[in-house]
file start27.cif (mmCIF, C-alpha atoms and all ligand atoms)
data_model
#
loop_
_atom_site.label_atom_id
_atom_site.label_comp_id
_atom_site.auth_asym_id
_atom_site.auth_seq_id
_atom_site.Cartn_x
_atom_site.Cartn_y
_atom_site.Cartn_z
CA MET A 1 61.50 220.93 47.18
CA ASP A 2 61.30 217.30 46.07
CA PHE A 3 61.34 215.24 42.90
CA ARG A 4 57.85 214.26 41.80
CA LEU A 5 56.67 211.72 44.34
CA PRO A 6 53.76 209.39 43.55
CA ASP A 7 50.39 210.95 44.48
CA GLU A 8 49.72 208.45 47.25
CA HIS A 9 53.05 209.32 48.88
CA ARG A 10 52.37 213.04 48.64
CA MET A 11 48.97 212.55 50.22
CA ILE A 12 50.35 210.72 53.25
CA ARG A 13 53.22 213.18 53.58
CA ASP A 14 50.89 216.17 53.46
CA ALA A 15 48.46 214.66 55.96
CA VAL A 16 51.32 213.89 58.38
CA ARG A 17 52.81 217.37 57.85
CA GLU A 18 49.51 218.98 58.74
CA PHE A 19 49.19 216.83 61.84
CA CYS A 20 52.78 217.69 62.83
CA ASP A 21 52.20 221.43 62.42
CA GLU A 22 48.93 221.39 64.32
CA GLU A 23 49.50 218.82 67.06
CA ILE A 24 53.20 218.16 67.58
CA ASP A 25 55.00 221.42 66.86
CA PRO A 26 53.11 223.39 69.56
CA ILE A 27 54.19 220.91 72.29
CA ALA A 28 57.59 219.89 70.92
CA GLN A 29 59.65 221.89 73.43
CA GLU A 30 57.27 221.30 76.33
CA ILE A 31 57.54 217.50 76.10
CA GLU A 32 61.35 217.82 76.03
CA ASN A 33 61.35 219.99 79.13
CA GLU A 34 58.97 217.63 80.91
CA HIS A 35 60.84 214.54 79.65
CA ARG A 36 57.43 213.21 78.75
CA TYR A 37 56.69 210.51 76.16
CA PRO A 38 53.62 211.92 74.37
CA ALA A 39 51.35 208.87 74.43
CA GLU A 40 48.45 210.93 73.06
CA ILE A 41 50.45 211.76 69.92
CA PHE A 42 51.18 208.10 69.29
CA GLU A 43 47.51 207.28 69.82
CA GLN A 44 46.62 209.80 67.12
CA LEU A 45 49.34 208.54 64.80
CA GLY A 46 47.79 205.10 65.29
CA GLU A 47 44.36 206.46 64.37
CA MET A 48 45.91 207.97 61.23
CA ASP A 49 47.18 204.46 60.35
CA VAL A 50 50.80 205.55 60.19
CA LEU A 51 52.20 203.32 62.95
CA GLY A 52 52.22 200.50 60.41
CA VAL A 53 53.09 202.34 57.20
CA PRO A 54 55.26 199.63 55.60
CA VAL A 55 53.27 196.71 57.03
CA SER A 56 50.79 194.93 54.76
CA GLU A 57 47.07 195.68 55.17
CA GLU A 58 46.48 192.02 55.92
CA TYR A 59 48.07 192.58 59.35
CA GLY A 60 46.60 195.99 60.09
CA GLY A 61 49.25 198.09 58.36
CA LEU A 62 48.89 200.74 55.69
CA GLY A 63 50.49 198.63 52.96
CA GLY A 64 52.93 201.40 52.06
CA ASP A 65 56.59 201.10 51.15
CA GLN A 66 59.93 202.25 52.54
CA LEU A 67 59.77 205.55 50.65
CA MET A 68 56.40 206.37 52.19
CA TYR A 69 57.71 205.41 55.63
CA SER A 70 60.81 207.53 55.02
CA LEU A 71 58.60 210.56 54.25
CA VAL A 72 56.69 210.09 57.51
CA CYS A 73 59.96 209.88 59.51
CA GLU A 74 61.12 213.07 57.80
CA GLU A 75 57.94 214.97 58.64
CA LEU A 76 58.07 213.91 62.28
CA GLY A 77 61.75 214.89 62.49
CA ARG A 78 60.94 218.32 61.07
CA VAL A 79 59.01 219.12 64.27
CA SER A 80 60.19 216.67 66.93
CA GLY A 81 63.25 214.45 66.96
CA SER A 82 61.84 212.58 69.96
CA VAL A 83 58.58 211.63 68.30
CA GLY A 84 60.52 210.72 65.17
CA LEU A 85 62.98 208.50 67.05
CA SER A 86 60.33 206.61 69.01
CA TYR A 87 58.35 206.23 65.80
CA ALA A 88 61.32 204.93 63.79
CA ALA A 89 62.32 202.45 66.52
CA HIS A 90 58.72 201.26 66.68
CA VAL A 91 58.31 200.75 62.93
CA SER A 92 61.58 199.51 61.51
CA LEU A 93 63.09 197.83 64.55
CA ALA A 94 60.15 196.52 66.57
CA THR A 95 57.38 195.94 64.02
CA LYS A 96 58.75 195.18 60.56
CA PRO A 97 60.92 192.20 61.67
CA ILE A 98 57.80 190.40 62.93
CA GLU A 99 56.26 190.74 59.49
CA ASN A 100 59.51 189.62 57.86
CA TYR A 101 60.34 186.64 60.06
CA GLY A 102 57.26 185.77 62.15
CA THR A 103 54.87 182.83 61.85
CA GLU A 104 51.19 183.45 61.05
CA GLU A 105 50.34 183.10 64.75
CA GLN A 106 53.06 185.56 65.76
CA LYS A 107 51.85 188.06 63.17
CA GLU A 108 48.29 187.87 64.49
CA ARG A 109 49.34 188.04 68.14
CA TRP A 110 52.27 190.50 68.01
CA LEU A 111 52.38 192.30 64.67
CA ARG A 112 48.75 193.35 64.40
CA PRO A 113 48.60 195.43 67.63
CA LEU A 114 51.87 197.17 66.70
CA ALA A 115 50.77 197.94 63.16
CA GLU A 116 47.31 199.06 64.25
CA GLY A 117 48.82 201.36 66.86
CA GLU A 118 47.47 199.66 69.98
CA TYR A 119 50.92 200.16 71.49
CA VAL A 120 54.50 200.86 70.39
CA GLY A 121 57.36 198.38 70.43
CA GLY A 122 61.07 198.24 71.27
CA TRP A 123 64.11 196.41 69.93
CA ALA A 124 66.94 195.34 72.22
CA LEU A 125 70.34 194.65 70.72
CA THR A 126 72.83 196.93 72.52
CA GLU A 127 74.26 195.94 75.91
CA PRO A 128 76.37 197.80 78.48
CA GLY A 129 79.47 196.03 77.15
CA SER A 130 78.61 195.74 73.45
CA GLY A 131 77.49 198.52 71.13
CA SER A 132 79.26 198.84 67.78
CA ASP A 133 80.48 195.28 68.22
CA ALA A 134 76.91 194.23 68.88
CA SER A 135 77.31 190.52 68.23
CA ASP A 136 79.65 190.25 71.22
CA MET A 137 76.66 190.08 73.56
CA ASP A 138 76.31 188.48 77.00
CA THR A 139 72.54 188.04 77.12
CA THR A 140 71.68 184.36 76.92
CA ALA A 141 68.61 182.29 76.13
CA GLU A 142 68.62 178.70 77.35
CA ARG A 143 66.10 176.03 76.49
CA ASP A 144 63.89 175.12 79.43
CA GLY A 145 61.17 172.52 78.81
CA ASP A 146 58.80 173.95 76.23
CA GLY A 147 60.26 177.42 76.47
CA TRP A 148 63.34 179.58 76.97
CA VAL A 149 64.94 181.41 79.88
CA LEU A 150 66.47 184.80 79.10
CA ASP A 151 69.17 186.43 81.22
CA GLY A 152 71.09 189.62 80.67
CA THR A 153 71.07 193.41 80.48
CA LYS A 154 70.21 195.53 77.45
CA GLN A 155 71.27 199.16 77.17
CA PHE A 156 69.81 202.31 75.53
CA ILE A 157 66.59 200.64 74.40
CA THR A 158 64.18 203.14 72.85
CA ASN A 159 60.55 202.84 74.02
CA ALA A 160 61.27 199.97 76.46
CA SER A 161 59.36 201.68 79.31
CA VAL A 162 56.24 202.23 77.18
CA ALA A 163 56.40 199.21 74.87
CA GLY A 164 53.82 196.45 74.48
CA SER A 165 56.51 194.14 73.09
CA VAL A 166 60.29 194.14 72.84
CA LEU A 167 62.38 192.08 70.41
CA VAL A 168 65.39 190.83 72.36
CA LYS A 169 68.59 189.46 70.85
CA ALA A 170 70.26 186.71 72.87
CA VAL A 171 72.94 184.05 72.52
CA THR A 172 71.41 180.59 72.09
CA GLU A 173 74.64 178.79 71.20
CA PRO A 174 77.67 180.13 73.08
CA GLY A 175 80.85 180.03 71.02
CA ALA A 176 79.02 179.91 67.67
CA GLY A 177 79.60 183.63 66.99
CA TYR A 178 77.19 185.23 64.53
CA ASP A 179 75.36 181.91 64.08
CA GLY A 180 74.65 181.58 67.79
CA ILE A 181 72.32 184.58 68.13
CA SER A 182 68.51 184.42 68.10
CA THR A 183 65.63 186.85 68.46
CA PHE A 184 62.82 186.58 71.01
CA ILE A 185 59.56 188.43 71.52
CA VAL A 186 59.25 189.60 75.11
CA ASP A 187 56.14 191.01 76.75
CA PRO A 188 57.28 193.67 79.26
CA GLU A 189 53.96 193.58 81.14
CA ALA A 190 53.36 189.87 81.41
CA ASP A 191 56.82 188.29 81.45
CA ASP A 192 58.17 188.00 85.00
CA GLY A 193 61.77 189.09 85.39
CA PHE A 194 61.64 191.89 82.79
CA SER A 195 62.31 195.30 84.31
CA VAL A 196 63.37 198.77 83.24
CA THR A 197 66.27 199.60 85.54
CA THR A 198 67.19 203.06 84.19
CA GLU A 199 65.51 205.69 82.05
CA TRP A 200 68.37 207.91 80.89
CA GLU A 201 68.42 211.71 81.05
CA LYS A 202 69.95 212.79 77.75
CA MET A 203 71.38 215.88 76.03
CA GLY A 204 68.35 215.82 73.71
CA LEU A 205 65.45 213.62 72.62
CA ASN A 206 64.13 213.50 76.17
CA ALA A 207 60.54 212.83 75.12
CA SER A 208 61.72 209.52 73.67
CA PRO A 209 62.42 207.03 76.48
CA THR A 210 65.89 205.44 76.36
CA CYS A 211 66.15 202.57 78.85
CA GLU A 212 68.39 200.03 80.42
CA ILE A 213 66.50 196.79 80.89
CA ALA A 214 67.21 193.75 83.01
CA LEU A 215 66.18 190.25 81.98
CA ASP A 216 66.33 188.23 85.13
CA ASP A 217 65.42 184.57 84.51
CA VAL A 218 62.62 185.59 82.14
CA TRP A 219 60.77 182.42 81.08
CA ILE A 220 58.98 182.65 77.74
CA PRO A 221 57.19 179.95 75.75
CA GLU A 222 58.74 178.29 72.70
CA ASP A 223 56.60 180.25 70.23
CA ARG A 224 58.32 183.53 71.14
CA LEU A 225 61.39 182.62 69.10
CA LEU A 226 61.29 184.85 66.00
CA GLY A 227 62.42 183.03 62.86
CA GLU A 228 64.86 180.16 63.18
CA GLU A 229 67.24 179.59 66.05
CA GLY A 230 70.61 181.11 65.04
CA ASP A 231 69.11 183.58 62.55
CA GLY A 232 69.26 186.56 64.91
CA TRP A 233 72.33 188.18 63.41
CA GLU A 234 71.21 187.89 59.79
CA GLN A 235 67.89 189.42 60.82
CA THR A 236 69.75 192.22 62.61
CA LYS A 237 71.76 193.12 59.51
CA GLU A 238 68.63 193.24 57.35
CA THR A 239 66.72 195.20 59.96
CA LEU A 240 69.50 197.77 60.20
CA ASN A 241 69.49 198.30 56.42
CA GLY A 242 65.93 199.59 56.80
CA GLY A 243 66.73 201.24 60.13
CA ARG A 244 69.53 203.32 58.65
CA ILE A 245 67.13 204.71 56.07
CA SER A 246 64.77 205.77 58.83
CA ILE A 247 67.55 207.53 60.78
CA ALA A 248 68.65 209.22 57.55
CA SER A 249 65.05 210.35 56.97
CA LEU A 250 64.72 211.61 60.51
CA SER A 251 67.99 213.52 60.05
CA VAL A 252 66.69 215.12 56.85
CA GLY A 253 63.63 216.21 58.83
CA LEU A 254 65.77 217.73 61.59
CA ALA A 255 67.85 219.60 59.00
CA GLN A 256 64.68 220.81 57.27
CA GLY A 257 63.16 222.03 60.53
CA ALA A 258 66.34 223.86 61.54
CA SER A 259 66.76 225.34 58.08
CA GLU A 260 63.17 226.64 57.95
CA ALA A 261 63.47 228.16 61.43
CA ALA A 262 66.69 229.96 60.46
CA ARG A 263 65.28 231.29 57.19
CA GLU A 264 62.13 232.58 58.78
CA TYR A 265 64.08 234.33 61.52
CA ALA A 266 66.68 235.81 59.16
CA ARG A 267 63.99 237.42 57.02
CA GLU A 268 62.38 239.10 60.03
CA ARG A 269 65.39 240.10 62.11
CA GLU A 270 66.87 243.50 61.37
CA GLN A 271 70.32 244.77 62.30
CA PHE A 272 72.18 247.78 60.93
CA GLY A 273 68.92 248.88 59.34
CA GLN A 274 68.24 245.80 57.23
CA SER A 275 67.10 242.21 57.39
CA ILE A 276 70.04 240.00 58.42
CA ALA A 277 69.21 237.68 55.46
CA ARG A 278 70.62 240.44 53.27
CA PHE A 279 74.09 240.10 54.77
CA ASP A 280 76.17 237.85 52.52
CA ALA A 281 77.47 235.88 55.51
CA ILE A 282 73.95 234.95 56.64
CA ARG A 283 72.60 234.34 53.15
CA ASP A 284 75.51 231.99 52.43
CA LYS A 285 74.77 230.04 55.58
CA LEU A 286 71.13 229.67 54.55
CA VAL A 287 72.16 228.55 51.07
CA GLU A 288 74.57 225.97 52.52
CA MET A 289 71.83 224.68 54.81
CA GLU A 290 69.53 224.17 51.85
CA ARG A 291 72.27 222.48 49.82
CA LYS A 292 73.10 220.00 52.58
CA THR A 293 69.47 219.24 53.38
CA GLU A 294 68.54 218.66 49.75
CA ARG A 295 71.61 216.49 49.09
CA ALA A 296 70.85 214.34 52.13
CA ARG A 297 67.20 214.06 51.07
CA LEU A 298 68.13 212.82 47.62
CA LEU A 299 70.50 210.16 48.97
CA THR A 300 67.85 209.09 51.45
CA HIS A 301 65.06 208.88 48.91
CA LYS A 302 67.34 206.99 46.56
CA SER A 303 68.15 204.37 49.18
CA ALA A 304 64.46 204.04 50.14
CA TRP A 305 63.53 203.71 46.47
CA ASN A 306 66.13 201.01 45.83
CA TYR A 307 65.10 199.21 49.02
CA ASP A 308 61.58 199.08 47.61
CA GLN A 309 62.93 197.55 44.38
CA GLY A 310 64.32 194.70 46.49
CA GLU A 311 67.95 195.70 45.95
CA ASP A 312 70.69 195.28 48.51
CA VAL A 313 71.00 198.80 49.93
CA THR A 314 73.82 198.25 52.41
CA LEU A 315 75.99 200.82 50.60
CA GLU A 316 73.26 203.38 49.84
CA SER A 317 71.65 203.24 53.26
CA SER A 318 75.01 203.70 54.98
CA LEU A 319 75.88 206.60 52.69
CA ALA A 320 72.49 208.20 53.32
CA LYS A 321 72.70 207.73 57.08
CA LEU A 322 76.26 209.07 57.26
CA ASP A 323 75.55 212.07 55.08
CA ALA A 324 72.15 212.99 56.48
CA SER A 325 73.18 212.71 60.13
CA GLU A 326 76.21 214.95 59.59
CA ALA A 327 74.10 217.36 57.55
CA ALA A 328 71.51 217.54 60.34
CA ARG A 329 74.13 218.39 62.97
CA GLU A 330 75.86 220.96 60.75
CA VAL A 331 72.64 222.59 59.59
CA ALA A 332 71.25 222.76 63.13
CA GLU A 333 74.50 224.28 64.40
CA GLU A 334 74.37 226.98 61.74
CA ALA A 335 70.71 227.60 62.52
CA VAL A 336 71.68 228.37 66.14
CA GLN A 337 74.30 230.80 64.79
CA VAL A 338 71.83 232.54 62.46
CA LEU A 339 69.54 233.24 65.41
CA GLY A 340 72.40 234.65 67.50
CA GLY A 341 71.46 234.84 71.19
CA TYR A 342 67.92 233.71 70.42
CA GLY A 343 69.36 230.55 68.89
CA TYR A 344 70.67 229.63 72.31
CA VAL A 345 67.36 229.84 74.20
CA GLU A 346 64.58 227.31 74.43
CA ASP A 347 61.89 229.59 73.04
CA PHE A 348 63.35 228.94 69.60
CA SER A 349 63.74 225.52 68.03
CA PRO A 350 67.32 225.47 66.63
CA GLN A 351 68.92 224.52 69.99
CA ARG A 352 66.58 221.52 70.14
CA PHE A 353 67.40 220.42 66.60
CA TYR A 354 71.11 220.81 67.40
CA ARG A 355 70.94 218.58 70.49
CA ASP A 356 68.69 216.01 68.78
CA ALA A 357 70.81 215.86 65.63
CA LYS A 358 73.88 214.66 67.53
CA LEU A 359 72.25 211.31 68.29
CA MET A 360 71.78 210.62 64.60
CA GLU A 361 75.57 210.27 64.28
CA ILE A 362 75.55 207.67 67.08
CA GLY A 363 72.40 205.50 66.97
CA GLU A 364 71.96 202.51 64.63
CA GLY A 365 75.66 202.49 63.83
CA THR A 366 77.97 205.42 64.54
CA SER A 367 79.47 207.49 61.72
CA GLU A 368 82.75 205.65 62.23
CA ILE A 369 80.97 202.32 61.72
CA GLN A 370 79.14 203.68 58.63
CA ARG A 371 82.55 204.55 57.16
CA LEU A 372 83.72 200.99 57.86
CA VAL A 373 80.64 199.58 56.13
CA ILE A 374 80.99 201.90 53.14
CA GLY A 375 84.69 201.12 52.81
CA ARG A 376 83.94 197.40 52.91
CA GLU A 377 81.18 197.75 50.32
CA LEU A 378 83.60 199.63 48.07
CA GLY A 379 86.04 196.75 48.40
CA LEU A 380 88.56 198.79 50.40
C1 LIG B 401 69.12 207.77 72.36
C2 LIG B 401 69.60 206.39 72.00
C3 LIG B 401 68.69 205.44 71.53
C4 LIG B 401 69.11 204.15 71.22
N1 LIG B 401 68.18 203.20 70.87
C5 LIG B 401 68.56 201.89 70.75
C6 LIG B 401 67.59 200.85 70.59
O1 LIG B 401 66.38 201.11 70.50
N2 LIG B 401 68.03 199.55 70.55
C7 LIG B 401 69.33 199.21 70.64
O2 LIG B 401 69.65 198.03 70.60
N3 LIG B 401 70.29 200.20 70.79
C8 LIG B 401 69.93 201.50 70.86
N4 LIG B 401 70.88 202.50 71.05
C9 LIG B 401 72.29 202.12 71.14
C10 LIG B 401 73.13 202.62 69.95
O3 LIG B 401 72.80 201.92 68.79
C11 LIG B 401 74.59 202.51 70.37
O4 LIG B 401 74.83 203.50 71.36
C12 LIG B 401 75.54 202.68 69.21
O5 LIG B 401 75.44 201.60 68.33
C13 LIG B 401 77.01 202.82 69.67
O6 LIG B 401 77.35 201.84 70.59
P1 LIG B 401 78.07 202.27 71.97
O7 LIG B 401 77.26 203.36 72.56
O8 LIG B 401 78.29 201.06 72.79
O9 LIG B 401 79.46 202.88 71.54
P2 LIG B 401 80.86 202.04 71.24
O10 LIG B 401 80.60 200.92 70.33
O11 LIG B 401 81.50 201.74 72.54
O12 LIG B 401 81.67 203.17 70.49
C14 LIG B 401 82.38 204.21 71.15
C15 LIG B 401 83.19 204.96 70.08
O13 LIG B 401 84.13 204.07 69.46
C16 LIG B 401 83.94 204.06 68.06
N5 LIG B 401 84.20 202.74 67.50
C17 LIG B 401 83.74 201.52 67.96
N6 LIG B 401 84.20 200.55 67.17
C18 LIG B 401 84.93 201.13 66.19
C19 LIG B 401 85.64 200.64 65.05
N7 LIG B 401 85.68 199.33 64.75
N8 LIG B 401 86.29 201.54 64.27
C20 LIG B 401 86.24 202.87 64.55
N9 LIG B 401 85.58 203.40 65.60
C21 LIG B 401 84.94 202.53 66.40
C22 LIG B 401 82.47 204.46 67.86
O14 LIG B 401 82.22 204.96 66.56
C23 LIG B 401 82.30 205.51 68.95
O15 LIG B 401 82.78 206.75 68.51
C24 LIG B 401 70.48 203.81 71.34
C25 LIG B 401 71.40 204.77 71.79
C26 LIG B 401 70.98 206.03 72.15
C27 LIG B 401 71.98 207.01 72.71
#
call {"tool": "encode", "arguments": {"input": "start27.cif", "output": "structure tokens"}}
result
Amino acid sequence: MDFRLPDEHRMIRDAVREFCDEEIDPIAQEIENEHRYPAEIFEQLGEMDVLGVPVSEEYGGLGGDQLMYSLVCEELGRVSGSVGLSYAAHVSLATKPIENYGTEEQKERWLRPLAEGEYVGGWALTEPGSGSDASDMDTTAERDGDGWVLDGTKQFITNASVAGSVLVKAVTEPGAGYDGISTFIVDPEADDGFSVTTEWEKMGLNASPTCEIALDDVWIPEDRLLGEEGDGWEQTKETLNGGRISIASLSVGLAQGASEAAREYAREREQFGQSIARFDAIRDKLVEMERKTERARLLTHKSAWNYDQGEDVTLESSLAKLDASEAAREVAEEAVQVLGGYGYVEDFSPQRFYRDAKLMEIGEGTSEIQRLVIGRELGL
């Protein structure tokens, strides 16, 4: 169910849905069990031109908007939270900022391969000692001749072990607070001193690599600074406005996937001589699941739509992210319950949606932080 989307958006959504049903859904549990990043899926997504949905065609993207990108995140989430998370980190965190803040040369060198799907990217803000209070970082970048030297540790970085480039936030002016942070483009292959020190085993989303990375005296040339020196925090805030919409979209997809799985099962499963969907208790759960999913979808589409109109969506994107991530966890939990014992085993998808949904309440700003942002936006 959706309000009438523009034809172009429906076309992309339907093409991605078909690909998801045919290529991702059949391996979604297997890649979790194997903790395997499905490189072949990302290659195919690249061939379908969706790794650069909101990037202009001039730089190898699809020239779509945030709403179109949101629909793709949703479809991926409907079958695999892992693919959706790696995709969302690649597009809104690792790719879009280069289009927004990069020079022409940087766009040719770094944006084009990301948008064309040659490889995926990562974005490194969080550190072992700073998460919600992300600006309180220890990673530094010091000028060194015609370049910079980066030192520090970044934590929980999606895609870092498979990325062709990683955007790293570092302090360039100690003591200057928000104004002392800058963004750098790092090449994990070529830049000496960059290493992935841990790839975390997680409660879900194990086909999406989550890494600790060390930056040990990494020298990079001057032209790897993204935007102006000191602009790193402003860029981060803008990037997270878009990022929250993608996590909201992914959450809607998880809720949709869990809801569909529960409905399908409830129609088939018989107890006490009738389909369990005919018991009021089960039907009410299925109705609630639909209500929450649809509500989250509307908030998410609204924030994507307003983003595309150039409006400040700090409030809407936080509301959407908060609501959709909670909806995803609640819907997935109920889906497990609807399937009874079968909901608890890996042959059925609700357990996977349940484990994956939990992250949506944590990543790109926890629910507690979303409430802080919303309160502030409401003038409270
Ligand atoms: C799978 C995964 C992928 C990730 N991918 C990336 C990535 O690609 N790049 C990246 O940079 N980061 C990434 N992260 C990091 C993620 O964004 C952080 O984990 C998140 O922002 C929370 O930070 P933290 O873990 O340090 O928790 P903390 O900030 O230590 O929070 C701990 C608890 O305290 C609460 N809390 C903190 N401050 C307040 C406050 N002021 N008021 C009320 N409650 C508060 C939090 O809500 C939380 O419940 C990822 C994390 C995971 C698990």
call {"tool": "closest_residue", "arguments": {"input": "start27.cif", "among": "A:Cys211, A:Ala266, A:Leu226, A:Leu322", "to": "Phe156 of chain A", "atoms": "only C-alpha atoms"}}
result
A:Cys211
call {"tool": "residues_near_ligand", "arguments": {"input": "start27.cif", "ligand": "ligand LIG 401 (chain B)", "cutoff": "8 Å", "atoms": "all atoms listed in the file", "output": "count of residues only"}}
result
38
call {"tool": "closest_residue", "arguments": {"input": "start27.cif", "among": "A:Leu319, A:Val218, A:Met11, A:Leu62", "to": "Arg143 of chain A", "atoms": "all atoms listed in the file"}}
result
A:Val218
call {"tool": "residues_around", "arguments": {"input": "start27.cif", "residues": "Lys358 of chain A", "least_positions_apart": "3", "cutoff": "9 Å", "atoms": "only C-alpha atoms", "output": "ChimeraX atom specification"}}
result
/A:203-204,325-326,328-329,353-355,361-362
call {"tool": "closest_residue", "arguments": {"input": "start27.cif", "among": "A:Val338, A:Asp65, A:Asp323, A:Arg244", "to": "Arg283 of chain A", "atoms": "all atoms listed in the file"}}
result
A:Val338
call {"tool": "residues_around", "arguments": {"input": "start27.cif", "residues": "segment 256-260 of chain A", "least_positions_apart": "3", "cutoff": "8 Å", "atoms": "all atoms listed in the file", "output": "list in words"}}
result
Gly77, Arg78, Val79, Val252, Gly253, Arg263, Glu264, Leu286, Met289, Glu290, Thr293, Val331, Ala332, Ala335, Ser349, Pro350 and Phe353 of chain A
call {"tool": "write_last_selection", "arguments": {"input": "start27.cif", "atoms": "C-alpha atoms", "output": "compact mmCIF listing (two decimals), in the frame of the given file"}}
result
# COMPACT_ATOMS: atom_id res chain seq x y z
CA GLY A 77 61.75 214.89 62.49
CA ARG A 78 60.94 218.32 61.07
CA VAL A 79 59.01 219.12 64.27
CA VAL A 252 66.69 215.12 56.85
CA GLY A 253 63.63 216.21 58.83
CA ARG A 263 65.28 231.29 57.19
CA GLU A 264 62.13 232.58 58.78
CA LEU A 286 71.13 229.67 54.55
CA MET A 289 71.83 224.68 54.81
CA GLU A 290 69.53 224.17 51.85
CA THR A 293 69.47 219.24 53.38
CA VAL A 331 72.64 222.59 59.59
CA ALA A 332 71.25 222.76 63.13
CA ALA A 335 70.71 227.60 62.52
CA SER A 349 63.74 225.52 68.03
CA PRO A 350 67.32 225.47 66.63
CA PHE A 353 67.40 220.42 66.60
call {"tool": "residues_around", "arguments": {"input": "start27.cif", "residues": "Ala141 of chain A", "least_positions_apart": "5", "cutoff": "9 Å", "atoms": "all atoms listed in the file", "output": "list in words"}}
result
Trp148, Val149, Leu150, Asp151, Gly152, Lys169, Ala170, Val171, Thr172, Glu173, Ser182 and Phe184 of chain A
call {"tool": "closest_residue", "arguments": {"input": "start27.cif", "among": "A:Asp7, A:Asp347, A:Glu105, A:Asp187", "to": "Gly121 of chain A", "atoms": "only C-alpha atoms"}}
result
A:Asp187
call {"tool": "atom_distance", "arguments": {"input": "start27.cif", "atom1": "atom CA of Asp179 of chain A", "atom2": "atom CA of Lys237 of chain A"}}
result
12.6 Å
call {"tool": "atom_distance", "arguments": {"input": "start27.cif", "atom1": "atom CA of Tyr101 of chain A", "atom2": "atom CA of Gly227 of chain A"}}
result
5.0 Å
call {"tool": "closest_residue", "arguments": {"input": "start27.cif", "among": "A:Arg371, A:His301, A:Arg376, A:Lys292", "to": "Arg4 of chain A", "atoms": "all atoms listed in the file"}}
result
A:His301
call {"tool": "closest_residue", "arguments": {"input": "start27.cif", "among": "A:Ile24, A:Leu380, A:Ala115, A:Cys73", "to": "Gly243 of chain A", "atoms": "all atoms listed in the file"}}
result
A:Cys73
call {"tool": "atom_distance", "arguments": {"input": "start27.cif", "atom1": "atom CA of Ser70 of chain A", "atom2": "atom CA of Val83 of chain A"}}
result
14.1 Å
call {"tool": "residues_around", "arguments": {"input": "start27.cif", "residues": "Lys302 of chain A", "least_positions_apart": "5", "cutoff": "10 Å", "atoms": "only C-alpha atoms", "output": "NGL selection string"}}
result
:A and (67 or 245 or 296-297 or 307-308 or 313 or 316-317 or 320)
call {"tool": "write_last_selection", "arguments": {"input": "start27.cif", "atoms": "C-alpha atoms", "output": "PDB file, in the frame of the given file"}}
result
ATOM      1  CA  LEU A  67      59.770 205.550  50.650  1.00  0.00           C
ATOM      2  CA  ILE A 245      67.130 204.710  56.070  1.00  0.00           C
ATOM      3  CA  ALA A 296      70.850 214.340  52.130  1.00  0.00           C
ATOM      4  CA  ARG A 297      67.200 214.060  51.070  1.00  0.00           C
ATOM      5  CA  TYR A 307      65.100 199.210  49.020  1.00  0.00           C
ATOM      6  CA  ASP A 308      61.580 199.080  47.610  1.00  0.00           C
ATOM      7  CA  VAL A 313      71.000 198.800  49.930  1.00  0.00           C
ATOM      8  CA  GLU A 316      73.260 203.380  49.840  1.00  0.00           C
ATOM      9  CA  SER A 317      71.650 203.240  53.260  1.00  0.00           C
ATOM     10  CA  ALA A 320      72.490 208.200  53.320  1.00  0.00           C
TER      11      ALA A 320
END
call {"tool": "residues_near_point", "arguments": {"input": "start27.cif", "point": "(56.4, 181.9, 71.4)", "cutoff": "10 Å", "atoms": "all atoms listed in the file", "output": "list of chain:residue names"}}
result
A:Thr103, A:Glu105, A:Gln106, A:Arg109, A:Asp146, A:Gly147, A:Trp148, A:Phe184, A:Ile185, A:Val186, A:Ile220, A:Pro221, A:Glu222, A:Asp223, A:Arg224, A:Leu225, A:Leu226
call {"tool": "write_last_selection", "arguments": {"input": "start27.cif", "atoms": "C-alpha atoms", "output": "mmCIF file, in the frame of the given file"}}
result
data_model
loop_
_atom_site.group_PDB
_atom_site.id
_atom_site.type_symbol
_atom_site.label_atom_id
_atom_site.label_comp_id
_atom_site.auth_asym_id
_atom_site.auth_seq_id
_atom_site.Cartn_x
_atom_site.Cartn_y
_atom_site.Cartn_z
ATOM 1 C CA THR A 103 54.870 182.830 61.850
ATOM 2 C CA GLU A 105 50.340 183.100 64.750
ATOM 3 C CA GLN A 106 53.060 185.560 65.760
ATOM 4 C CA ARG A 109 49.340 188.040 68.140
ATOM 5 C CA ASP A 146 58.800 173.950 76.230
ATOM 6 C CA GLY A 147 60.260 177.420 76.470
ATOM 7 C CA TRP A 148 63.340 179.580 76.970
ATOM 8 C CA PHE A 184 62.820 186.580 71.010
ATOM 9 C CA ILE A 185 59.560 188.430 71.520
ATOM 10 C CA VAL A 186 59.250 189.600 75.110
ATOM 11 C CA ILE A 220 58.980 182.650 77.740
ATOM 12 C CA PRO A 221 57.190 179.950 75.750
ATOM 13 C CA GLU A 222 58.740 178.290 72.700
ATOM 14 C CA ASP A 223 56.600 180.250 70.230
ATOM 15 C CA ARG A 224 58.320 183.530 71.140
ATOM 16 C CA LEU A 225 61.390 182.620 69.100
ATOM 17 C CA LEU A 226 61.290 184.850 66.000
#
